[in-house]
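**Q** Got a structure here, written out as structure tokens. Questions coming.
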Amino acid sequence: MKEHIKIALVGQPNVGKTMLINAIGKSALHVGNFSGVTVEKEEITFEYKDFIIDVVDLPGTYMLSEYSLDEKVTSNFLREEEYDIILNVVDATNLDRNLQLTSELIQLDKKMIIALNMIDEAKKENIEINSNYMSELLKIDCIKISASTKEGLDQLLATIVKTHSMKQMEPKFVFSEDMEEEIREIVQCLEEHQYPKSLSHRYIAIGLISENSEIYKQLHDKPIWIYLEPLLLKAHKHIKIHHDENAMLDIMANEYKAYIDGLLSLTIKIPKKIEELTVTQKIDKVLIHPILGIPIFLSFMWLLFQLTFEIGSIPMDYIDAFFGYLGDTLGATISNDELRSLVVDGLIGGVGAVVLFVPNIMILYVGIALLESTGYMSRVAYLLDGFFHKFGLHGQSFIPLVTGFGCSIPAYMSARILKNDRDRLLTLFIIGFMSCGARLPVYVLFVGAFFAPEMAGNVLFTIYMGGALLGLVMAKILKLTVFKGESEPFVMEMPKYRMPSVMLIWHTVKTKTWLYLKKAGTFIAVASMLVWFGSNYPKNLELTEKYEQMIVKTEDKSKKVELTNQLNEELLKQSYLGEIGQAIEPLFEPLGMDWKMAVALQTGLAAKEVVVSTLGVLYSLGDEVDEESSSLIQRLQEDIPFASAVAFIIIMMIYLPCLAATIVFAKEAGGKKYALYLFIFTSTVAYLLAFIGYHLAL
Amino acid sequence: MKLPDCKIGEIYKVKKLYAEGALRQRLVSFGIIKGVEIKYLAHTNLKSNYEIQIGKISLALRKEEAQKIEVE
């Protein structure tokens, strides 16, 4: 039996925690250069020598406070869960800020290791760190590492094992003398009354003095409280007088700062400040320029959508040809007509239609990953906050919203970085207006069918931006009606620009593309077959025979084709799906849609990719008869009027993202009823705007 | 003087914070406490948001928050 070591990975945002996990565990977690990428604690497990190491990656937090959901996850975990060692990752180039959290962690009185990450960058900046002396002073092992160059990782792992087997050392953190005196008195009181030691007495004492509400909650209804209260009152009074400051928060920050400054003056050498602009500041001179900033951002977005369409369309023909070939070859080996139709029209047709868009999706994901990992995303939040604020949103809503262009699910989850519940709910409600990657295939299909090729990229850009703007307007309406009240303050770190790591971006894109393909192979494949079944059954032999006799009788070739198409149309109409479609057709008639489009939209409630495969199945039946309309795009061009296509696109832009996303939404919003609200809200808006769009385009 | 009245590129000392609860916690967690030096770096087009430097980090603030920081 191998022994387990459970590690709690803690650090401030942007110190490279997730990158460290990737480097030591070779896992493929998502890494980002933005406050709040790790939205939920993630766990990875790997083997090292005779041990199995579980690492829990906790959300980055500046201090152990209780204000944001992320911070709560981290502090609750550290205080209440079982683990062996705290691995505190700090940015070696910014120690005085990072050690603030470290000082709070030390008070938890657990085994601890400090990883001085980004040591390669520190060297470049000529920062010399005497980590041995630092270890000695803190009585905590401080290991120099670099997650990106993999320097020092072996030593870190060895230290984890060593620390695990050793007895815990008494931490050496000292406050100012008057503070220590008050701590001693409270600890003594706890000892005297034999208060249980599930948390160390020193930790409780410090918690009480620093006004930690969780610690107060634990103690204030216990009998010991009557002895503690007078002690605390006296302690607060003394400390406040001594510090000439009223806010305990500031006093504690000062205490920590004093200790850190002392520690750092002994252990690190920083080159004298030269009043020169850093690379980041130079780049920021341009990218967050008061006037040019927003136009530059918009051009980046425009470029991204152009690339998505232009480059993405290059391999499309090959993929299309491949699935055509696959269908023909496989079809030839199946003698049973029914089975062949199921495989070729249902399975290959449906899955092929979805796989076709993999290149587009990969490019979009690369773009979003770049935006995230370089640090540009937070600049955009800064640039847009003023504008967003007018619509009742928060600059940081931008992150979940942009993530929403990739997929709504992580977007809903990343909305947790918003601390205020109202702001978070509001953001959750409009994430769906940001068209996700799964809607892209539908847009590419329709834009390809109804707009000139040279316009396609621009139309795509308009669809995405139009959706986003509509989202803003909706936010304003919701803010004025449902979510009235104070907004959350905007205080956000803008991290250093970092060169995106090709490996990490590839990791992210690969994982997401693989998920998309997996969905195509499983969920979409089953859905395609269901749609195929629904559109092929029940069979109607009478009808078939009647038409076949007519076809045999006529000599005229074009008449034959026409009759065959008529037969297919009739058969489709009386199929299960046709029945359903016709039942709901009246609802969609004002939008100029026929029952096939109506059915496609319904299947889109399960997942947006299914819309394409449904259209693929519904419009590809009878393909083999009519050679002239070989591709789905051409069939759509022939069968669907322009105005109806516009209405279809508008509905696609607005209504519910997909079943999975709706479930996550309900979870994040805090109840099933919210999913119902979202359904009613999006469906109503989608229907009304599609109606308007249809009549404008007529 | 309040932060929005400052000059771009100058360094100031924090004198007082007019914030409570979550906002104060947030500011303090970034090291904005009495006596520390901050540098005023930039503002957005309509002066709705401000960028300051504290130690080695850049911090973005909204006007409402910037007004709660008194410097000298």
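Chain labels follow the order of the structure tokens: the first chain is A, the next B, and so on; residue numbering restarts at 1 in every chain, and ligands are counted from 1 in their shown order.
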Can you check which residues of chain B have any atom within 8 Å of chain A? Use only C-alpha atoms and format it as an NGL selection string.
**A** :B and (22-23 or 25-31 or 33 or 43-46 or 48-49 or 55-62 or 64-65)
**Q** Could you name the residues that touch Thr614 of chain A at 9 Å or less, counting only C-alpha atoms, but leaving out those on the same chain fewer than 5 positions away, as a list of chain:residue names?
**A**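 Answer for this query is A:Gly350, A:Ala527, A:Ser528, A:Val531, A:Trp532, A:Lys596, A:Val599, A:Ala600, A:Thr603, A:Gly604, A:Glu609, A:Tyr619.
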**Q** Which residues, written as an NGL selection string, have at least one atom at most 9 Å from Ile11 of chain B, with only C-alpha atoms counted and residues fewer than 2 positions away on the same chain left out?
**A** :B and (7-9 or 13 or 37-40)
**Q** Would you list, as a list in words, the residues of chain B that end up in strand (DSSP E) under DSSP run on this structure's backbone?
**A**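 Residues of chain B classed as strand (DSSP E): Ile11, Tyr12, Lys13, Val14, Lys15, Lys16, Leu17, Glu37, Ile38, Lys39, Tyr40, Leu41, Ala42, His43, Asn49, Tyr50, Glu51, Ile52, Gln53, Ile54, Ile57, Ser58, Leu59, Ala60, Leu61, Arg62, Ile69, Glu70 and Val71 of chain B.
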**Q** I'd like to know which residues of segment 515-665 of chain A are helix (DSSP H, G or I) (by DSSP, run on the backbone); could you write them as a ChimeraX atom specification?
**A** /A:515-536,541-553,557-573,576-591,595-603,608-620,632-639,642-654,659-665
**Q** Residues within 8 Å of Met248 of chain A, please, as a count of residues only. Count only C-alpha atoms; anything in the same chain fewer than 4 positions from it doesn't count.
**A** 5
**Q** What does the distance between atom CA of Lys479 of chain A and atom CA of Leu425 of chain A come to in Å, to one decimal place?
**A**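 Spanning atom CA of Lys479 of chain A to atom CA of Leu425 of chain A is a straight-line distance of 10.3 Å.
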